file start01.cif (mmCIF, C-alpha atoms)
data_final
#
loop_
_atom_site.label_atom_id
_atom_site.label_comp_id
_atom_site.auth_asym_id
_atom_site.auth_seq_id
_atom_site.Cartn_x
_atom_site.Cartn_y
_atom_site.Cartn_z
CA MET C 256 92.62 116.07 111.07
CA ARG C 257 95.72 116.37 113.22
CA ALA C 258 98.84 115.15 111.42
CA ALA C 259 102.43 114.35 112.33
CA VAL C 260 105.36 114.61 109.91
CA PHE C 261 107.98 111.86 110.09
CA GLY C 262 111.13 112.61 108.12
CA GLY C 263 114.26 110.57 107.66
CA SER C 264 116.30 108.60 105.17
CA PHE C 265 114.33 105.35 105.72
CA ASP C 266 117.17 103.47 104.04
CA PRO C 267 115.49 101.09 104.73
CA ILE C 268 112.40 101.68 106.82
CA HIS C 269 112.43 99.32 109.83
CA ILE C 270 110.07 98.25 112.58
CA GLY C 271 111.39 100.95 114.93
CA HIS C 272 110.04 103.57 112.52
CA LEU C 273 106.58 101.99 112.52
CA LEU C 274 106.57 101.66 116.30
CA LEU C 275 107.31 105.38 116.66
CA ALA C 276 104.64 106.25 114.10
CA ASP C 277 102.15 104.11 116.00
CA GLU C 278 103.10 105.88 119.23
CA ALA C 279 102.46 109.25 117.57
CA LEU C 280 98.98 108.07 116.63
CA SER C 281 98.34 107.24 120.28
CA LEU C 282 99.13 110.89 121.12
CA GLY C 283 96.08 111.99 119.18
CA TYR C 284 97.41 112.49 115.65
CA GLY C 285 95.03 111.13 113.05
CA ARG C 286 97.68 110.49 110.41
CA VAL C 287 101.45 110.18 110.22
CA ILE C 288 102.99 111.50 106.99
CA PHE C 289 106.26 109.76 106.07
CA VAL C 290 108.55 112.16 104.20
CA PRO C 291 111.73 110.41 103.00
CA ALA C 292 114.70 112.74 102.65
CA TRP C 293 116.49 113.40 99.41
CA ARG C 294 119.74 113.57 101.34
CA SER C 295 119.80 113.89 105.11
CA PRO C 296 121.45 117.14 106.33
CA PHE C 297 122.81 115.13 109.28
CA LYS C 298 124.76 112.61 107.20
CA PRO C 299 127.79 113.05 104.95
CA GLU C 300 127.26 113.46 101.24
CA GLY C 301 127.80 110.42 99.12
CA GLY C 302 125.99 108.10 101.52
CA GLY C 303 123.95 106.79 98.61
CA ALA C 304 120.43 107.33 99.98
CA GLU C 305 119.55 109.83 97.25
CA GLY C 306 120.51 107.19 94.68
CA ARG C 307 117.92 104.85 96.20
CA ALA C 308 115.07 107.36 96.26
CA ALA C 309 112.69 105.20 94.22
CA GLU C 310 113.48 102.09 96.25
CA ARG C 311 113.04 103.91 99.58
CA LEU C 312 109.68 105.25 98.46
CA GLU C 313 108.62 101.79 97.38
CA MET C 314 109.72 100.22 100.69
CA ILE C 315 107.72 102.75 102.69
CA ALA C 316 104.66 102.36 100.48
CA ALA C 317 104.79 98.57 100.79
CA SER C 318 105.19 98.83 104.57
CA ILE C 319 102.15 101.07 105.17
CA ALA C 320 99.85 99.47 102.58
CA CYS C 321 96.14 99.52 103.46
CA ASP C 322 96.77 101.56 106.61
CA PRO C 323 94.86 104.85 106.22
CA ARG C 324 96.48 106.20 109.38
CA MET C 325 99.76 106.54 107.51
CA SER C 326 100.60 108.52 104.39
CA LEU C 327 103.62 108.98 102.13
CA ASP C 328 104.80 112.25 100.63
CA ASP C 329 107.71 112.62 98.20
CA CYS C 330 108.04 116.43 98.44
CA GLU C 331 111.70 116.40 99.58
CA ILE C 332 112.74 113.99 96.87
CA ARG C 333 110.94 116.04 94.22
CA ARG C 334 112.61 119.27 95.26
CA GLU C 335 115.96 117.53 96.01
CA SER C 336 116.21 119.32 99.34
CA SER C 337 115.67 118.06 102.89
CA TYR C 338 115.05 120.78 105.43
CA ALA C 339 112.35 120.40 108.08
CA ALA C 340 111.16 124.02 107.93
CA GLU C 341 110.54 123.88 104.16
CA THR C 342 108.79 120.53 104.48
CA LEU C 343 106.53 121.76 107.26
CA GLU C 344 105.56 124.83 105.23
CA ASP C 345 104.74 122.61 102.26
CA VAL C 346 102.73 120.13 104.34
CA ILE C 347 100.79 122.85 106.17
CA ARG C 348 99.96 124.55 102.85
CA ARG C 349 98.74 121.42 101.09
CA TYR C 350 97.28 119.29 103.90
CA GLU C 351 95.95 122.12 106.08
CA PRO C 352 96.02 119.92 109.21
CA GLU C 353 93.98 120.72 112.27
CA GLY C 354 96.14 122.66 114.73
CA LYS C 355 99.92 122.46 114.76
CA PRO C 356 101.36 119.37 113.05
CA GLY C 357 103.73 117.17 114.99
CA LEU C 358 107.33 116.72 113.89
CA LEU C 359 108.73 113.30 114.85
CA ILE C 360 112.48 113.21 115.58
CA GLY C 361 114.78 110.79 117.36
CA ASP C 362 116.31 111.66 120.72
CA ASP C 363 119.74 111.38 119.10
CA LEU C 364 118.97 114.64 117.23
CA LEU C 365 117.90 116.69 120.26
CA ALA C 366 121.30 118.15 121.15
CA ASP C 367 121.82 119.53 117.64
CA PHE C 368 118.26 120.78 117.10
CA PRO C 369 119.05 124.44 117.96
CA ASP C 370 121.55 124.40 115.07
CA TRP C 371 118.97 123.19 112.54
CA ARG C 372 118.17 125.53 109.70
CA ARG C 373 115.36 127.87 110.91
CA SER C 374 114.91 125.94 114.15
CA ALA C 375 112.94 128.81 115.72
CA ASP C 376 110.49 128.75 112.79
CA ILE C 377 110.11 124.99 113.19
CA LEU C 378 109.06 125.42 116.83
CA GLU C 379 106.52 128.05 115.75
CA MET C 380 105.06 125.79 113.06
CA ALA C 381 105.09 122.38 114.76
CA ASP C 382 105.09 120.49 118.04
CA VAL C 383 108.28 118.45 118.28
CA VAL C 384 107.61 114.83 119.26
CA VAL C 385 110.73 113.02 120.47
CA GLY C 386 111.06 109.27 120.04
CA ARG C 387 113.56 107.06 121.83
CA ARG C 388 116.37 105.65 119.68
CA SER C 389 118.52 104.09 122.39
CA GLY C 390 118.20 103.04 126.00
CA SER C 391 120.31 105.91 127.28
CA LYS C 392 118.68 108.98 128.78
CA ALA C 393 118.20 111.76 126.25
CA PRO C 394 119.35 115.29 127.11
CA SER C 395 116.69 117.73 128.29
CA PRO C 396 116.07 120.10 125.36
CA PRO C 397 115.93 123.87 125.91
CA PHE C 398 112.55 124.04 124.16
CA PRO C 399 109.10 122.48 124.74
CA CYS C 400 108.50 119.06 123.23
CA LEU C 401 106.46 115.90 123.64
CA HIS C 402 108.16 112.63 124.52
CA ALA C 403 106.81 109.50 122.86
CA ALA C 404 106.61 106.38 125.02
CA ASN C 405 107.98 104.06 122.34
CA GLU C 406 110.33 101.30 123.41
CA ALA C 407 113.95 101.78 122.36
CA ASN C 408 114.84 98.68 120.33
CA GLY C 409 118.32 99.55 119.10
CA ILE C 410 117.48 98.88 115.44
CA SER C 411 118.86 101.32 112.89
CA SER C 412 118.82 101.44 109.11
CA SER C 413 122.62 101.19 109.02
CA MET C 414 122.42 98.03 111.13
CA VAL C 415 119.97 96.49 108.67
CA ARG C 416 122.17 97.40 105.70
CA GLU C 417 125.29 95.99 107.38
CA ARG C 418 123.57 92.74 108.28
CA ILE C 419 122.26 92.25 104.76
CA ALA C 420 125.68 92.97 103.24
CA GLY C 421 127.37 90.67 105.74
CA GLY C 422 124.93 87.79 105.39
CA GLY C 423 123.52 88.24 108.90
CA ALA C 424 119.95 87.98 110.20
CA TRP C 425 117.85 91.01 109.24
CA ARG C 426 114.38 90.00 108.03
CA ARG C 427 112.59 90.52 111.37
CA MET C 428 114.00 94.02 111.63
CA VAL C 429 111.95 95.41 108.74
CA PRO C 430 108.23 95.36 107.90
CA GLU C 431 107.08 92.54 105.64
CA GLY C 432 106.46 94.88 102.71
CA ALA C 433 109.96 96.36 102.88
CA ARG C 434 111.47 92.88 103.14
CA ALA C 435 109.71 91.82 99.93
CA VAL C 436 111.03 94.89 98.07
CA ILE C 437 114.60 94.33 99.35
CA GLU C 438 114.55 90.69 98.27
CA ARG C 439 112.94 91.28 94.89
CA ARG C 440 115.18 94.22 93.96
CA GLY C 441 118.36 92.81 95.47
CA LEU C 442 119.11 95.85 97.62
CA TYR C 443 122.12 96.37 99.91
CA GLY C 444 124.10 93.56 98.30
CA LEU C 445 121.39 90.88 98.47
CA PRO C 446 121.05 88.68 95.35
CA LYS C 447 118.20 89.89 93.20
CA GLY C 448 114.98 87.88 93.46
CA PRO C 449 112.26 87.06 90.89
CA ALA C 450 111.03 90.04 88.89
CA ALA C 451 107.67 91.57 89.72
CA PRO C 452 104.89 91.08 87.16
CA ALA C 453 105.19 93.66 84.41
CA SER C 454 101.46 93.94 83.71
CA ILE C 455 98.13 93.21 85.32
CA SER C 456 96.75 92.07 82.00
CA GLY C 457 96.78 88.43 80.98
CA ALA C 458 97.91 86.11 83.78
CA TRP C 459 96.14 88.02 86.58
CA PRO C 460 98.91 87.29 89.12
CA TRP C 461 97.04 89.07 91.94
CA GLY C 462 93.77 87.18 91.50
CA GLY C 463 92.28 85.28 94.38
CA ALA C 464 89.25 84.78 96.54
CA ALA C 465 86.33 87.10 96.00
CA GLY C 466 85.97 90.05 98.31
CA GLY C 467 84.08 93.33 98.25
CA ALA C 468 85.99 95.87 100.30
CA SER C 469 87.85 93.24 102.31
CA PRO C 470 91.41 93.91 103.55
CA GLY C 471 92.63 91.02 101.38
CA ALA C 472 91.17 92.53 98.20
CA ALA C 473 92.51 95.98 99.06
CA ALA C 474 95.99 94.59 99.74
CA ARG C 475 96.11 92.80 96.38
CA VAL C 476 94.85 95.85 94.52
CA GLU C 477 97.34 98.14 96.25
CA GLU C 478 100.20 95.77 95.44
CA ALA C 479 99.16 95.68 91.80
CA ALA C 480 98.89 99.47 91.63
CA ARG C 481 102.29 99.92 93.22
CA GLU C 482 104.02 97.47 90.90
CA THR C 483 102.43 98.41 87.58
CA LEU C 484 101.45 102.08 87.53
CA GLY C 485 104.74 103.86 88.02
CA PHE C 486 105.32 105.52 91.36
CA ALA C 487 103.87 108.97 90.63
CA ARG C 488 100.58 107.44 89.45
CA PHE C 489 100.57 105.03 92.40
CA LEU C 490 101.10 107.88 94.86
CA HIS C 491 98.19 109.73 93.26
CA SER C 492 96.06 106.60 93.67
CA ARG C 493 96.97 106.24 97.33
CA ASN C 494 96.33 109.93 98.03
CA THR C 495 92.95 109.52 96.34
CA ALA C 496 92.25 106.47 98.51
CA LEU C 497 93.11 108.40 101.69
CA LEU C 498 90.95 111.40 100.78
CA ALA C 499 88.10 109.06 99.82
CA TRP C 500 88.50 107.33 103.22
CA ASP C 501 88.36 110.68 105.05
CA MET C 502 85.35 111.90 103.08
CA CYS C 503 83.48 108.62 103.60
CA LEU C 504 83.95 108.98 107.35
CA ARG C 505 82.53 112.49 107.15
CA PHE C 506 79.53 111.61 104.99
CA GLY C 507 78.60 108.35 106.70
CA LEU C 508 79.78 106.02 103.92
CA ASP C 509 81.91 102.88 104.16
CA PRO C 510 85.54 104.14 104.36
CA ALA C 511 86.96 100.73 103.39
CA ALA C 512 84.93 100.85 100.16
CA GLY C 513 86.20 104.38 99.49
CA TYR C 514 89.80 103.31 100.05
CA LEU C 515 89.51 100.30 97.73
CA ALA C 516 87.87 102.34 94.97
CA GLY C 517 90.49 105.06 95.35
CA ILE C 518 93.50 102.76 95.29
CA GLY C 519 92.12 100.90 92.25
CA HIS C 520 90.61 103.72 90.21
CA ASP C 521 93.59 104.11 87.84
CA LEU C 522 94.56 100.45 87.71
CA ALA C 523 94.15 100.29 83.91
CA LYS C 524 95.82 103.63 83.22
CA ARG C 525 98.96 102.21 81.61
CA LEU C 526 97.28 99.56 79.48
CA GLY C 527 97.24 99.95 75.72
CA ASP C 528 94.27 101.36 73.82
CA GLY C 529 93.11 97.98 72.55
CA GLU C 530 93.20 96.41 75.99
CA GLN C 531 91.29 99.31 77.53
CA ILE C 532 88.60 98.99 74.86
CA ARG C 533 88.38 95.22 75.39
CA LEU C 534 88.08 95.53 79.17
CA ALA C 535 85.55 98.36 78.97
CA ARG C 536 83.38 96.24 76.67
CA ALA C 537 83.76 93.33 79.09
CA PHE C 538 82.40 95.61 81.80
CA GLY C 539 79.37 96.35 79.60
CA ARG C 540 80.39 99.76 78.35
CA GLU C 541 79.00 100.80 74.95
CA ILE C 542 81.92 102.58 73.31
CA THR C 543 81.06 106.00 71.92
CA GLU C 544 82.70 107.79 69.00
CA LEU C 545 84.44 110.12 71.46
CA GLU C 546 85.87 107.17 73.39
CA MET C 547 87.00 105.31 70.28
CA GLY C 548 88.92 108.43 69.32
CA LYS C 549 90.47 108.65 72.79
CA PRO C 550 90.43 105.21 74.44
CA SER C 551 92.19 106.54 77.56
CA LEU C 552 88.77 107.88 78.57
CA LEU C 553 87.81 104.25 79.13
CA HIS C 554 90.41 103.52 81.80
CA GLY C 555 87.77 103.86 84.53
CA SER C 556 85.51 101.18 83.05
CA ALA C 557 88.58 99.07 82.25
CA ALA C 558 89.78 99.32 85.86
CA ALA C 559 86.32 98.32 87.10
CA ALA C 560 86.51 95.21 84.90
CA LEU C 561 89.92 94.38 86.39
CA LEU C 562 88.62 94.77 89.93
CA ARG C 563 85.65 92.54 89.19
CA ASP C 564 87.35 89.84 87.12
CA CYS C 565 90.84 89.77 88.62
CA PHE C 566 90.32 90.71 92.23
CA GLY C 567 86.82 89.40 92.82
CA VAL C 568 85.26 92.74 93.75
CA ARG C 569 81.49 92.48 93.41
CA ASN C 570 80.38 95.57 95.33
CA HIS C 571 78.28 97.65 92.93
CA ASP C 572 79.12 100.96 94.59
CA ILE C 573 82.87 100.35 94.36
CA LEU C 574 82.70 99.31 90.71
CA GLU C 575 80.49 102.29 89.83
CA ALA C 576 82.87 104.69 91.59
CA VAL C 577 85.85 103.37 89.64
CA ALA C 578 84.04 103.21 86.29
CA LYS C 579 82.63 106.75 86.48
CA HIS C 580 85.62 108.68 87.81
CA THR C 581 86.66 109.59 84.24
CA LEU C 582 83.28 110.34 82.65
CA PRO C 583 80.77 111.36 85.32
CA GLY C 584 77.13 111.17 84.48
CA GLY C 585 73.80 109.57 85.18
CA ASP C 586 72.58 108.82 88.67
CA MET C 587 75.92 108.46 90.42
CA GLY C 588 75.71 107.15 93.96
CA PRO C 589 77.35 108.80 96.98
CA LEU C 590 80.50 106.67 96.82
CA ALA C 591 80.99 107.43 93.11
CA LYS C 592 80.67 111.16 93.82
CA THR C 593 83.12 110.87 96.71
CA VAL C 594 85.79 109.10 94.66
CA TYR C 595 85.34 111.53 91.76
CA VAL C 596 85.97 114.45 94.12
CA ALA C 597 88.89 112.71 95.86
CA ASP C 598 90.57 112.03 92.51
CA LYS C 599 90.45 115.74 91.62
CA LEU C 600 91.34 117.21 95.04
CA GLU C 601 93.96 114.86 96.57
CA VAL C 602 96.93 116.66 98.13
CA GLY C 603 99.44 115.70 95.46
CA ARG C 604 97.41 116.90 92.48
CA GLU C 605 98.87 120.04 90.96
CA GLY C 606 96.40 122.91 91.08
CA ALA C 607 93.88 121.19 93.36
CA ASP C 608 91.49 123.84 94.69
CA ARG C 609 92.16 124.44 98.38
CA ASP C 610 88.75 126.03 98.99
CA LEU C 611 87.03 122.93 97.64
CA ARG C 612 89.26 120.73 99.79
CA ARG C 613 88.12 122.70 102.82
CA LEU C 614 84.49 122.16 101.81
CA ALA C 615 85.20 118.42 101.62
CA PHE C 616 86.13 118.43 105.30
CA ALA C 617 83.81 121.05 106.74
CA GLY C 618 80.84 123.09 105.68
CA GLY C 619 79.71 121.67 102.35
CA ASP C 620 77.49 118.70 101.60
CA LEU C 621 78.56 116.02 99.15
CA ASP C 622 76.28 117.07 96.30
CA GLU C 623 77.43 120.69 96.58
CA ILE C 624 81.11 119.72 96.44
CA PHE C 625 80.59 117.19 93.66
CA GLY C 626 78.60 119.65 91.54
CA GLU C 627 81.26 122.34 91.85
CA VAL C 628 84.09 119.93 90.98
CA VAL C 629 82.19 118.69 87.91
CA ARG C 630 81.52 122.26 86.74
CA ARG C 631 85.15 123.29 87.14
CA ARG C 632 86.40 120.14 85.42
CA ALA C 633 84.03 120.70 82.51
CA SER C 634 85.13 124.33 82.22
CA SER C 635 88.78 123.24 82.08
CA ILE C 636 88.03 120.71 79.34
CA ARG C 637 86.14 123.26 77.28
CA SER C 638 88.90 125.85 77.71
CA ARG C 639 91.23 123.40 75.96
CA LYS C 640 88.79 123.05 73.06
CA LEU C 641 88.06 119.43 73.97
CA ARG C 642 84.70 117.67 73.77
CA LEU C 643 82.63 116.67 76.76
CA SER C 644 80.90 113.30 76.80
CA GLU C 645 77.13 113.21 76.38
CA GLU C 646 76.90 111.76 79.91
CA THR C 647 78.76 114.71 81.39
CA ILE C 648 76.70 117.22 79.40
CA GLY C 649 73.55 115.58 80.74
CA LEU C 650 74.94 115.68 84.27
CA LEU C 651 75.74 119.39 83.95
CA GLU C 652 72.16 120.07 82.88
CA LYS C 653 70.91 118.11 85.86
CA ILE C 654 73.19 119.99 88.25
CA LYS C 655 71.54 123.24 87.18
CA ALA C 656 68.25 122.06 88.64
CA PRO C 657 68.04 123.21 92.30
CA GLY C 658 68.58 120.38 94.75
CA ALA C 659 69.18 117.77 92.03
CA VAL C 660 72.50 116.07 91.42
#
call {"tool": "encode", "arguments": {"input": "start01.cif", "output": "structure tokens"}}
result
Amino acid sequence: MRAAVFGGSFDPIHIGHLLLADEALSLGYGRVIFVPAWRSPFKPEGGGAEGRAAERLEMIAASIACDPRMSLDDCEIRRESSYAAETLEDVIRRYEPEGKPGLLIGDDLLADFPDWRRSADILEMADVVVGRRSGSKAPSPPFPCLHAANEANGISSSMVRERIAGGGAWRRMVPEGARAVIERRGLYGLPKGPAAPASISGAWPWGGAAGGASPGAAARVEEAARETLGFARFLHSRNTALLAWDMCLRFGLDPAAGYLAGIGHDLAKRLGDGEQIRLARAFGREITELEMGKPSLLHGSAAAALLRDCFGVRNHDILEAVAKHTLPGGDMGPLAKTVYVADKLEVGREGADRDLRRLAFAGGDLDEIFGEVVRRRASSIRSRKLRLSEETIGLLEKIKAPGAV
């Protein structure tokens, strides 16, 4: 898949950012990767953006929810360094995009681009895509680039911040998701709003009308994951959802079902042992001795119960995929195999096997990839002197039989 990298402070993200991202998609990129800066090299130190890293990540995530064309990567915030060349190297290594990635920049940065750190390397690694920031004519750069046809709207993050602080109109300048985060967290001088629910257990604040893989169900599940899992776990869930979406497209499965299962697969991860046991039993799971000794193994079945009882998901394939992503076994269907693989190979997972990721996109069939991931996972568990479940042991025996998974 062709990908474009979109860096910036996003303090906050506004509709101009999404319009430029959408324009990049129209140029043939399959996904735009938002990479919020730790601290922009183009702005003076002490601007405060690095102090709002968590909030900026949350605003972006809320603004691109349920849109598989857009991704979020926190690599610059994790390494506390914001240089385009380093980010491109990281993205190319982990994502392995088709062809050169795009690098989205505003026309206000064109004149200074030759002075960027390793600018010549950037031009070797990426195609620069220039978006309009103002109505004035941008200078002609002394290097090849693509010009996006986005409309210049004059909105900037500093304008949004100033309007909020000054009590002016700002809400139509930002995506709905970002607006909700700003209001709830009281950012940029706004009075703090009502607190987000602290847990998905009990009151079921995201419950609603039943839906299988409907956009409404996915939106509620993604909101719950974002607000209850902690951001690192949420980002893992969204990366899993995106890889599941991509794999479903390749293998002829329903990508919306893959996305919903991926975004919800760890929904019960932070619940206590007792609650995980209760939910797993509610889903019909017979608790084994191994699971009673380590109830966290039940978070897949517990998450499936949450999806069914809280969010109205009734699709058997989705529920099976979520329930079995922790303890694979039995006659797992294609969607369950896909989500299991996506959980283990998503781009943010430390140590994810790049050769297996390549197989997921070209060359290997689903059973081949699934079998290899299960074998490697089992080997890792055994190397740590941990027990495998009887279901997984049975699955490993079945995988040995030629053509049977």
call {"tool": "closest_residue", "arguments": {"input": "start01.cif", "among": "C:Arg387, C:Arg333, C:His269, C:Arg612", "to": "C:Ile437", "atoms": "all atoms listed in the file"}}
result
C:His269
call {"tool": "residues_near_point", "arguments": {"input": "start01.cif", "point": "(85.7, 109.0, 85.8)", "cutoff": "12 Å", "atoms": "all atoms listed in the file", "output": "PyMOL selection string"}}
result
chain C and resi 516-517+520-521+524+551-559+574-585+587+591-599+629+632+644+646-647
call {"tool": "closest_residue", "arguments": {"input": "start01.cif", "among": "C:Ala523, C:Leu498, C:Ala479, C:Glu438", "to": "C:Pro510", "atoms": "all atoms listed in the file"}}
result
C:Leu498
call {"tool": "resolve_selection", "arguments": {"input": "start01.cif", "expression": "the PyMOL selection byres ((chain C and resi 330) around 12)", "output": "ChimeraX atom specification"}}
result
/C:260,262,288-293,308,312,327-329,331-339,341-346,349,487,490,602-603
call {"tool": "resolve_selection", "arguments": {"input": "start01.cif", "expression": "the PyMOL selection byres ((chain C and resi 417-430) around 7)", "output": "PDB file with C-alpha atoms, in the frame of the given file"}}
result
ATOM      1  CA  ILE C 268     112.400 101.680 106.820  1.00  0.00           C
ATOM      2  CA  HIS C 269     112.430  99.320 109.830  1.00  0.00           C
ATOM      3  CA  ILE C 270     110.070  98.250 112.580  1.00  0.00           C
ATOM      4  CA  SER C 318     105.190  98.830 104.570  1.00  0.00           C
ATOM      5  CA  SER C 413     122.620 101.190 109.020  1.00  0.00           C
ATOM      6  CA  MET C 414     122.420  98.030 111.130  1.00  0.00           C
ATOM      7  CA  VAL C 415     119.970  96.490 108.670  1.00  0.00           C
ATOM      8  CA  ARG C 416     122.170  97.400 105.700  1.00  0.00           C
ATOM      9  CA  GLU C 431     107.080  92.540 105.640  1.00  0.00           C
ATOM     10  CA  GLY C 432     106.460  94.880 102.710  1.00  0.00           C
ATOM     11  CA  ALA C 433     109.960  96.360 102.880  1.00  0.00           C
ATOM     12  CA  ARG C 434     111.470  92.880 103.140  1.00  0.00           C
ATOM     13  CA  TYR C 443     122.120  96.370  99.910  1.00  0.00           C
ATOM     14  CA  GLY C 444     124.100  93.560  98.300  1.00  0.00           C
ATOM     15  CA  LEU C 445     121.390  90.880  98.470  1.00  0.00           C
TER      16      LEU C 445
END
call {"tool": "resolve_selection", "arguments": {"input": "start01.cif", "expression": "the PyMOL selection byres ((chain C and resi 271) around 12)", "output": "PyMOL selection string"}}
result
chain C and resi 265+267-270+272-278+361+386-389+405-412+415+427-430
call {"tool": "atom_distance", "arguments": {"input": "start01.cif", "atom1": "atom CA of C:Arg372", "atom2": "atom CA of C:Ser281"}}
result
29.0 Å
call {"tool": "closest_residue", "arguments": {"input": "start01.cif", "among": "C:Ala499, C:Ala404, C:Leu515, C:Ile542", "to": "C:Leu621", "atoms": "all atoms listed in the file"}}
result
C:Ala499
call {"tool": "atom_distance", "arguments": {"input": "start01.cif", "atom1": "atom CA of C:Leu365", "atom2": "atom CA of C:Pro396"}}
result
6.4 Å
call {"tool": "closest_residue", "arguments": {"input": "start01.cif", "among": "C:Ala617, C:Ala435, C:Ala381, C:Leu522", "to": "C:Met256", "atoms": "only C-alpha atoms"}}
result
C:Ala617
call {"tool": "residues_around", "arguments": {"input": "start01.cif", "residues": "C:Asp610", "least_positions_apart": "3", "cutoff": "12 Å", "atoms": "only C-alpha atoms", "output": "list in words"}}
result
Arg348, Arg349, Tyr350, Glu351, Leu600, Gly606, Ala607, Arg613, Leu614, Ala615, Phe616, Ala617, Gly618, Gly619, Ile624, Glu627 and Val628 of chain C
call {"tool": "residues_around", "arguments": {"input": "start01.cif", "residues": "C:Phe368", "least_positions_apart": "6", "cutoff": "12 Å", "atoms": "only C-alpha atoms", "output": "list in words"}}
result
Pro296, Phe297, Ala339, Ile360, Gly361, Asp362, Ser374, Ala375, Asp376, Ile377, Leu378, Val383, Val385, Pro394, Ser395, Pro396, Pro397, Phe398 and Cys400 of chain C
call {"tool": "atom_distance", "arguments": {"input": "start01.cif", "atom1": "atom CA of C:Val287", "atom2": "atom CA of C:Ala259"}}
result
4.8 Å
call {"tool": "closest_residue", "arguments": {"input": "start01.cif", "among": "C:Leu562, C:Leu590, C:His571, C:Pro399", "to": "C:Ala473", "atoms": "all atoms listed in the file"}}
result
C:Leu562
call {"tool": "closest_residue", "arguments": {"input": "start01.cif", "among": "C:Leu364, C:Leu358, C:Met314, C:Arg609", "to": "C:Arg439", "atoms": "all atoms listed in the file"}}
result
C:Met314
call {"tool": "decode", "arguments": {"input": "start01.cif", "residues": "stretch 357-368 of chain C", "atoms": "N, CA and C atoms", "output": "compact mmCIF listing (two decimals), in the first residue's frame"}}
result
# COMPACT_ATOMS: atom_id res chain seq x y z
N GLY C 357 4.85 9.40 0.56
CA GLY C 357 4.72 10.84 0.42
C GLY C 357 5.06 11.51 1.74
N LEU C 358 5.50 12.74 1.67
CA LEU C 358 5.73 13.55 2.87
C LEU C 358 4.93 14.83 2.69
N LEU C 359 3.87 15.00 3.48
CA LEU C 359 3.00 16.17 3.37
C LEU C 359 3.59 17.33 4.15
N ILE C 360 3.76 18.48 3.48
CA ILE C 360 4.22 19.69 4.16
C ILE C 360 3.40 20.87 3.65
N GLY C 361 3.33 21.92 4.44
CA GLY C 361 2.65 23.13 4.02
C GLY C 361 3.53 24.00 3.16
N ASP C 362 2.90 24.81 2.28
CA ASP C 362 3.69 25.66 1.39
C ASP C 362 4.47 26.73 2.14
N ASP C 363 4.10 26.98 3.41
CA ASP C 363 4.85 27.95 4.20
C ASP C 363 6.23 27.43 4.60
N LEU C 364 6.48 26.12 4.42
CA LEU C 364 7.76 25.53 4.78
C LEU C 364 8.69 25.32 3.58
N LEU C 365 8.19 25.62 2.38
CA LEU C 365 8.97 25.34 1.17
C LEU C 365 10.31 26.09 1.13
N ALA C 366 10.27 27.38 1.44
CA ALA C 366 11.48 28.20 1.30
C ALA C 366 12.61 27.69 2.19
N ASP C 367 12.26 27.15 3.36
CA ASP C 367 13.29 26.70 4.30
C ASP C 367 13.66 25.22 4.13
N PHE C 368 12.96 24.51 3.23
CA PHE C 368 13.19 23.07 3.13
C PHE C 368 14.66 22.71 2.87
